[in-house]
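Asks: Please see the structure below; I have some questions.
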Amino acid sequence: MHQVTIYTDGACLNNPGPGGYGAVLLHNKNGKEIKKELSGGFSNTTNNRMELTAVIVGLEALKAPCTVTVFSDSKYIVDAMSLGWVSKWKRFGWYKGPKSKERPKNIDLWKRLLAAMESHNVQFKWVKGHAGIPLNERCDQLATEAAVKENLPEDIRSDDEYSQVEIGV
């Protein structure tokens, strides 16, 4: 399997509000470092949705099964994946517990993330944001630049009943 490193970040102005995501993918091919940058944004979203979207877009860009290390400054994502929260939510039918009536936020994106991970071996690592880590800073720059672009598309949520409550739509 190819080894890929992905740095990610999300940004949102006025959370909720316009937001952007950035991802930098690194891969060594025949001794040469290949670097790919991805970014985009939405007009009405949240910071957590942009953090998740950055990871998803990075993984979806991979064309073959890979061993992937994802670096994110989002404890929301790193803890949800590393501590098994998402697996638990899925096991309980996308509720927070077996008897809970509370659903996690952003179910549509968690489902998309799990699908994007299926053919890969993915490990999540937390990095401190705004701490001078060059690729994390680059992702922050990509996300922030994307968030301020004009005519951003609407962030369409497929689990409307659950995720739109968080932004008051």
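Residue numbers start at 1 in each chain; chains themselves are named A, B, ... in the order of the structure tokens; ligands are numbered from 1 in the order shown.
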In region 45-153 of chain A, what's alpha helix (DSSP H) per DSSP? Answer as number ranges by chain?
Replies: A: 47-60, 75-82, 85-91, 107-117, 134-147
Asks: May I have a table of the residues of region 87-168 of chain A lying at most 12 Å from region 55-68 of chain A, giving each one's closest pair of atoms and their distance in Å to one decimal, counting only C-alpha atoms, ordered by chain and ascending residue number, as a Markdown table?
Replies:
| residue | atom | partner | partner_atom | distance |
| --- | --- | --- | --- | --- |
| A:Asp108 | CA | A:Ile56 | CA | 11.5 |
| A:Leu109 | CA | A:Ile56 | CA | 8.1 |
| A:Trp110 | CA | A:Ile56 | CA | 9.1 |
| A:Lys111 | CA | A:Ile56 | CA | 10.1 |
| A:Arg112 | CA | A:Ile56 | CA | 7.1 |
| A:Leu113 | CA | A:Ile56 | CA | 5.3 |
| A:Leu114 | CA | A:Ile56 | CA | 8.8 |
| A:Ala115 | CA | A:Ile56 | CA | 9.0 |
| A:Ala116 | CA | A:Glu60 | CA | 5.7 |
| A:Met117 | CA | A:Leu59 | CA | 6.8 |
| A:Glu118 | CA | A:Pro65 | CA | 8.8 |
| A:Ser119 | CA | A:Pro65 | CA | 5.2 |
| A:His120 | CA | A:Pro65 | CA | 5.0 |
| A:Asn121 | CA | A:Thr67 | CA | 4.7 |
| A:Val122 | CA | A:Val68 | CA | 4.7 |
| A:Gln123 | CA | A:Val68 | CA | 6.2 |
| A:Phe124 | CA | A:Val68 | CA | 8.5 |
| A:Lys125 | CA | A:Val68 | CA | 10.6 |
| A:Cys139 | CA | A:Val55 | CA | 11.1 |
Asks: Select from chain A everything DSSP, run on the backbone, classes as strand (DSSP E or B), then give the selection as JSON, numbers by chain.
Replies: {"A": [2, 3, 4, 5, 6, 7, 8, 9, 10, 11, 12, 17, 18, 19, 20, 21, 22, 23, 24, 25, 26, 27, 28, 29, 32, 33, 34, 35, 36, 37, 38, 39, 40, 41, 42, 43, 44, 45, 66, 67, 68, 69, 70, 71, 72, 121, 122, 123, 124, 125, 126]}
Asks: I need the residues from that last selection saved to file as a compact mmCIF listing (two decimals), in the first residue's frame (with N, CA and C atoms), if you can.
Replies:
# COMPACT_ATOMS: atom_id res chain seq x y z
N HIS A 2 0.43 2.25 -0.73
CA HIS A 2 1.12 3.53 -0.73
C HIS A 2 0.95 4.20 0.63
N GLN A 3 1.93 4.95 1.05
CA GLN A 3 1.87 5.72 2.29
C GLN A 3 1.55 7.16 1.93
N VAL A 4 0.50 7.70 2.52
CA VAL A 4 0.08 9.08 2.24
C VAL A 4 -0.10 9.80 3.57
N THR A 5 0.33 11.04 3.58
CA THR A 5 0.10 11.92 4.73
C THR A 5 -0.85 13.01 4.28
N ILE A 6 -1.88 13.26 5.09
CA ILE A 6 -2.84 14.30 4.78
C ILE A 6 -2.93 15.26 5.96
N TYR A 7 -2.70 16.53 5.70
CA TYR A 7 -2.94 17.59 6.69
C TYR A 7 -4.26 18.25 6.31
N THR A 8 -5.06 18.59 7.31
CA THR A 8 -6.37 19.17 7.04
C THR A 8 -6.68 20.32 7.99
N ASP A 9 -7.56 21.19 7.55
CA ASP A 9 -8.08 22.24 8.43
C ASP A 9 -9.37 22.78 7.85
N GLY A 10 -10.20 23.31 8.73
CA GLY A 10 -11.44 23.96 8.34
C GLY A 10 -11.51 25.34 8.97
N ALA A 11 -12.27 26.21 8.35
CA ALA A 11 -12.45 27.56 8.87
C ALA A 11 -13.90 27.97 8.64
N CYS A 12 -14.39 28.80 9.53
CA CYS A 12 -15.76 29.31 9.37
C CYS A 12 -15.81 30.72 9.93
N GLY A 17 -21.72 30.26 9.27
CA GLY A 17 -21.53 31.30 8.28
C GLY A 17 -20.76 30.72 7.11
N PRO A 18 -20.16 31.57 6.30
CA PRO A 18 -19.35 31.06 5.20
C PRO A 18 -18.13 30.32 5.76
N GLY A 19 -17.79 29.22 5.13
CA GLY A 19 -16.67 28.43 5.62
C GLY A 19 -15.85 27.84 4.50
N GLY A 20 -14.67 27.37 4.86
CA GLY A 20 -13.80 26.76 3.88
C GLY A 20 -13.02 25.61 4.49
N TYR A 21 -12.47 24.79 3.62
CA TYR A 21 -11.64 23.67 4.05
C TYR A 21 -10.38 23.64 3.21
N GLY A 22 -9.34 23.08 3.80
CA GLY A 22 -8.09 22.92 3.08
C GLY A 22 -7.46 21.59 3.44
N ALA A 23 -6.85 20.95 2.47
CA ALA A 23 -6.15 19.68 2.69
C ALA A 23 -4.88 19.67 1.84
N VAL A 24 -3.82 19.15 2.42
CA VAL A 24 -2.57 18.96 1.69
C VAL A 24 -2.22 17.49 1.79
N LEU A 25 -2.08 16.85 0.63
CA LEU A 25 -1.73 15.43 0.56
C LEU A 25 -0.28 15.30 0.16
N LEU A 26 0.45 14.42 0.83
CA LEU A 26 1.85 14.16 0.54
C LEU A 26 2.05 12.67 0.29
N HIS A 27 2.84 12.37 -0.73
CA HIS A 27 3.12 10.98 -1.09
C HIS A 27 4.50 10.93 -1.73
N ASN A 28 5.27 9.93 -1.39
CA ASN A 28 6.59 9.75 -1.99
C ASN A 28 6.47 8.76 -3.14
N LYS A 29 6.82 9.18 -4.33
CA LYS A 29 6.74 8.30 -5.50
C LYS A 29 8.12 8.27 -6.16
N LYS A 32 10.50 10.83 -5.08
CA LYS A 32 10.11 12.23 -5.30
C LYS A 32 8.83 12.51 -4.51
N GLU A 33 8.84 13.61 -3.75
CA GLU A 33 7.65 13.97 -2.98
C GLU A 33 6.60 14.60 -3.88
N ILE A 34 5.43 14.02 -3.86
CA ILE A 34 4.28 14.54 -4.61
C ILE A 34 3.39 15.26 -3.59
N LYS A 35 3.01 16.48 -3.91
CA LYS A 35 2.17 17.28 -3.01
C LYS A 35 0.96 17.77 -3.78
N LYS A 36 -0.22 17.59 -3.18
CA LYS A 36 -1.46 18.05 -3.81
C LYS A 36 -2.23 18.86 -2.78
N GLU A 37 -2.71 20.03 -3.20
CA GLU A 37 -3.51 20.88 -2.32
C GLU A 37 -4.95 20.91 -2.81
N LEU A 38 -5.87 20.81 -1.88
CA LEU A 38 -7.30 20.83 -2.17
C LEU A 38 -7.98 21.84 -1.26
N SER A 39 -8.95 22.56 -1.79
CA SER A 39 -9.71 23.49 -0.95
C SER A 39 -11.05 23.79 -1.60
N GLY A 40 -11.94 24.32 -0.79
CA GLY A 40 -13.26 24.72 -1.26
C GLY A 40 -14.02 25.32 -0.11
N GLY A 41 -15.25 25.73 -0.36
CA GLY A 41 -16.01 26.35 0.70
C GLY A 41 -17.50 26.31 0.46
N PHE A 42 -18.23 26.74 1.47
CA PHE A 42 -19.69 26.77 1.44
C PHE A 42 -20.18 28.05 2.09
N SER A 43 -21.36 28.50 1.68
CA SER A 43 -21.87 29.79 2.15
C SER A 43 -22.48 29.74 3.53
N ASN A 44 -23.03 28.63 3.95
CA ASN A 44 -23.70 28.57 5.24
C ASN A 44 -23.37 27.23 5.89
N THR A 45 -22.35 27.25 6.73
CA THR A 45 -21.84 26.00 7.28
C THR A 45 -21.31 26.24 8.68
N CYS A 66 -4.60 2.98 0.38
CA CYS A 66 -3.38 3.56 0.94
C CYS A 66 -3.36 3.40 2.46
N THR A 67 -2.17 3.48 3.01
CA THR A 67 -1.99 3.67 4.44
C THR A 67 -1.88 5.17 4.63
N VAL A 68 -2.79 5.73 5.42
CA VAL A 68 -2.92 7.18 5.51
C VAL A 68 -2.77 7.64 6.95
N THR A 69 -2.00 8.69 7.12
CA THR A 69 -1.95 9.38 8.41
C THR A 69 -2.56 10.76 8.19
N VAL A 70 -3.64 11.03 8.91
CA VAL A 70 -4.33 12.31 8.81
C VAL A 70 -3.94 13.15 10.03
N PHE A 71 -3.41 14.34 9.76
CA PHE A 71 -3.09 15.29 10.82
C PHE A 71 -4.15 16.38 10.82
N SER A 72 -4.76 16.59 11.97
CA SER A 72 -5.82 17.59 12.10
C SER A 72 -5.67 18.31 13.43
N ASN A 121 -6.20 2.23 5.19
CA ASN A 121 -5.84 2.06 6.59
C ASN A 121 -5.51 3.46 7.10
N VAL A 122 -6.40 4.03 7.92
CA VAL A 122 -6.29 5.44 8.29
C VAL A 122 -6.02 5.59 9.78
N GLN A 123 -5.06 6.43 10.08
CA GLN A 123 -4.74 6.78 11.46
C GLN A 123 -4.88 8.30 11.60
N PHE A 124 -5.48 8.74 12.70
CA PHE A 124 -5.68 10.16 12.95
C PHE A 124 -4.73 10.63 14.04
N LYS A 125 -4.11 11.79 13.80
CA LYS A 125 -3.21 12.38 14.78
C LYS A 125 -3.56 13.85 14.95
N TRP A 126 -3.59 14.27 16.22
CA TRP A 126 -3.91 15.66 16.52
C TRP A 126 -2.64 16.49 16.49
